[in-house]
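Since the structure comes first, as structure tokens, the remarks are kept for the end.
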Amino acid sequence: MKFWTIQPKEVLDIIMKEDIYIADFKKSSYIQELPDLMDLYGLFLDSFNAHNDTNLPGLVFAFAQSNNTNLFEIPNIESFRQLMIEKEPAVGGFWTSITKKNACILELEYNADEFNPIFIDFNDFQFLMPPITVPLPPYTEPDIARLVGHIHNGTVETSIFPSYVMQAHLPFIRKENIICGYEMFPLQ
């Protein structure tokens, strides 16, 4: 399956030098800037490790797409660009922050049967980011436990407020996973 990730160019340098990049949340500059995210990141990491029989120190965050019924890959850079521009209300804050960090877009390919990427709709992930504000229509207090339950169980669910941008979690990036790299682009 094809995934898309946005990474600092230093990550690409590591992959080219060492053939593999394994994320480590303890070294994440994003978590250092926003330490309240550690619990949410830890939730995904614990679930990923449990469902994939791994012991990773971090995960690579990536994108796929859904129509709220099915998950599917984003086929090419133009489709990725179009999706990100269309979904700017959902991804705009993230996009702005990562664009300032000398990042690049990586098109990746993985055998989808090798691991469970613990998918979640990007809006649902943002709802779970601290501090959680409830009520935040259409989300309610019970949605916290429901979403956390699906993460723990490694299951995908239909979002009550779908962005159709699915966040996926990958174990690593190897050289052979990289199809192509691209420069960042503006959403407007």
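Starting from 1 in every chain, residues are counted up; chains themselves are A, B, ... following the order of the structure tokens, and ligands are numbered from 1 as listed.
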Counting only C-alpha atoms, which residues of range 58-163 of chain A fall within 9 Å of range 168-184 of chain A, and what is the closest atom pair for each with its distance in Å at one decimal, ordered by chain and rising number, as CSV?
```
residue,atom,partner,partner_atom,distance
A:Gly58,CA,A:Pro171,CA,7.7
A:Leu59,CA,A:Pro171,CA,5.5
A:Val60,CA,A:Leu170,CA,4.9
A:Phe61,CA,A:His169,CA,4.9
A:Ala62,CA,A:Ala168,CA,5.0
A:Phe63,CA,A:Ala168,CA,5.6
A:Ala64,CA,A:Ala168,CA,6.8
A:Ile77,CA,A:Tyr182,CA,8.2
A:Thr99,CA,A:Met184,CA,6.6
A:Asn102,CA,A:Met184,CA,8.6
A:Ala103,CA,A:Met184,CA,6.8
A:Cys104,CA,A:Glu183,CA,5.1
A:Ile105,CA,A:Tyr182,CA,5.0
A:Leu106,CA,A:Gly181,CA,4.5
A:Glu107,CA,A:Cys180,CA,5.3
A:Leu108,CA,A:Ile178,CA,4.6
A:Glu109,CA,A:Asn177,CA,5.0
A:Tyr110,CA,A:Asn177,CA,6.2
A:Phe115,CA,A:Leu170,CA,8.3
A:Asn116,CA,A:His169,CA,8.2
A:Pro117,CA,A:His169,CA,4.7
A:Ile118,CA,A:Ala168,CA,6.1
A:Phe119,CA,A:Ala168,CA,4.7
A:Ile120,CA,A:Ala168,CA,6.8
A:Asp121,CA,A:Ala168,CA,8.9
```
*If you count only C-alpha atoms, which residues fall within 10 Å of Ile98 in chain A, apart from same-chain ones fewer than 2 positions away, as a PyMOL selection string?*
chain A and resi 6-8+30+92-96+100-104+184
Next, write the just-selected residues to a file, as an mmCIF file, in the first residue's frame, keeping N, CA, C and O atoms as the atom set.
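Produced file selection_33.cif, reproduced below:
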```cif
data_model
loop_
_atom_site.group_PDB
_atom_site.id
_atom_site.type_symbol
_atom_site.label_atom_id
_atom_site.label_comp_id
_atom_site.auth_asym_id
_atom_site.auth_seq_id
_atom_site.Cartn_x
_atom_site.Cartn_y
_atom_site.Cartn_z
ATOM 1 N N ILE A 6 5.352 13.386 5.648
ATOM 2 C CA ILE A 6 6.084 14.644 5.588
ATOM 3 C C ILE A 6 7.131 14.575 6.682
ATOM 4 O O ILE A 6 6.805 14.378 7.859
ATOM 5 N N GLN A 7 8.383 14.698 6.287
ATOM 6 C CA GLN A 7 9.488 14.504 7.213
ATOM 7 C C GLN A 7 10.514 15.628 7.057
ATOM 8 O O GLN A 7 10.704 16.147 5.959
ATOM 9 N N PRO A 8 11.190 15.964 8.149
ATOM 10 C CA PRO A 8 12.323 16.884 8.027
ATOM 11 C C PRO A 8 13.361 16.269 7.083
ATOM 12 O O PRO A 8 13.519 15.043 7.030
ATOM 13 N N TYR A 30 9.042 17.590 17.655
ATOM 14 C CA TYR A 30 7.628 17.952 17.736
ATOM 15 C C TYR A 30 7.111 17.754 19.160
ATOM 16 O O TYR A 30 6.412 18.604 19.697
ATOM 17 N N GLY A 92 -4.465 22.247 7.650
ATOM 18 C CA GLY A 92 -3.748 23.505 7.474
ATOM 19 C C GLY A 92 -2.791 23.872 8.591
ATOM 20 O O GLY A 92 -1.662 24.300 8.338
ATOM 21 N N GLY A 93 -3.221 23.712 9.846
ATOM 22 C CA GLY A 93 -2.348 24.051 10.975
ATOM 23 C C GLY A 93 -1.103 23.178 11.004
ATOM 24 O O GLY A 93 0.017 23.670 11.181
ATOM 25 N N PHE A 94 -1.302 21.886 10.827
ATOM 26 C CA PHE A 94 -0.170 20.956 10.762
ATOM 27 C C PHE A 94 0.745 21.323 9.601
ATOM 28 O O PHE A 94 1.960 21.384 9.745
ATOM 29 N N TRP A 95 0.146 21.561 8.431
ATOM 30 C CA TRP A 95 0.916 21.849 7.220
ATOM 31 C C TRP A 95 1.784 23.087 7.410
ATOM 32 O O TRP A 95 2.961 23.096 7.053
ATOM 33 N N THR A 96 1.208 24.118 7.985
ATOM 34 C CA THR A 96 1.952 25.368 8.207
ATOM 35 C C THR A 96 3.129 25.136 9.136
ATOM 36 O O THR A 96 4.243 25.595 8.873
ATOM 37 N N LYS A 100 7.497 25.038 7.828
ATOM 38 C CA LYS A 100 8.539 25.925 8.351
ATOM 39 C C LYS A 100 9.792 25.167 8.778
ATOM 40 O O LYS A 100 10.802 25.767 9.100
ATOM 41 N N LYS A 101 9.750 23.849 8.789
ATOM 42 C CA LYS A 101 10.847 23.050 9.341
ATOM 43 C C LYS A 101 11.682 22.366 8.274
ATOM 44 O O LYS A 101 12.245 21.306 8.517
ATOM 45 N N ASN A 102 11.770 22.949 7.085
ATOM 46 C CA ASN A 102 12.612 22.379 6.038
ATOM 47 C C ASN A 102 12.249 20.910 5.790
ATOM 48 O O ASN A 102 13.096 20.027 5.818
ATOM 49 N N ALA A 103 10.969 20.672 5.556
ATOM 50 C CA ALA A 103 10.468 19.313 5.390
ATOM 51 C C ALA A 103 10.317 18.955 3.917
ATOM 52 O O ALA A 103 10.370 19.819 3.036
ATOM 53 N N CYS A 104 10.136 17.670 3.684
ATOM 54 C CA CYS A 104 9.875 17.170 2.336
ATOM 55 C C CYS A 104 8.766 16.118 2.413
ATOM 56 O O CYS A 104 8.467 15.581 3.477
ATOM 57 N N MET A 184 7.779 20.532 -0.491
ATOM 58 C CA MET A 184 6.518 20.985 0.065
ATOM 59 C C MET A 184 5.870 21.973 -0.904
ATOM 60 O O MET A 184 6.553 22.608 -1.696
#
```
*Excluding Arg81 in chain A and any residue of its chain fewer than 3 positions from it, enumerate the residues within 10 Å of it, using only C-alpha atoms, and give them as a ChimeraX atom specification.*
/A:74,76-78,84-87,184-187
Requested write-out: C-alpha atoms of the selected residues, as a tab-separated table (two decimals), in the first residue's frame:
```
chain	number	residue	atom	x	y	z
A	74	ILE	CA	-3.44	8.19	-2.56
A	76	ASN	CA	0.22	10.04	-6.97
A	77	ILE	CA	1.61	13.45	-6.00
A	78	GLU	CA	-1.11	15.34	-7.86
A	84	MET	CA	-4.29	18.38	1.00
A	85	ILE	CA	-5.57	21.56	-0.69
A	86	GLU	CA	-9.20	20.37	-0.46
A	87	LYS	CA	-8.74	19.42	3.19
A	184	MET	CA	6.52	20.98	0.07
A	185	PHE	CA	3.82	23.03	-1.67
A	186	PRO	CA	1.49	25.78	-0.46
A	187	LEU	CA	-2.12	24.84	0.31
```
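If you measure from each of A:Thr5, A:Gly154, A:Gln65, A:Glu33 to Leu45 in chain A using only C-alpha atoms, the closest one turns out to be A:Gly154.
Distances to Trp4 in chain A were evaluated for A:Glu73, A:Asp24, A:Glu18, A:Asp39 using only C-alpha atoms, and the minimum falls at A:Glu73.
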_Atomic distance CA of Ser29 in chain A - CA of Glu114 in chain A, expressed in Å with one decimal_ = 28.4 Å
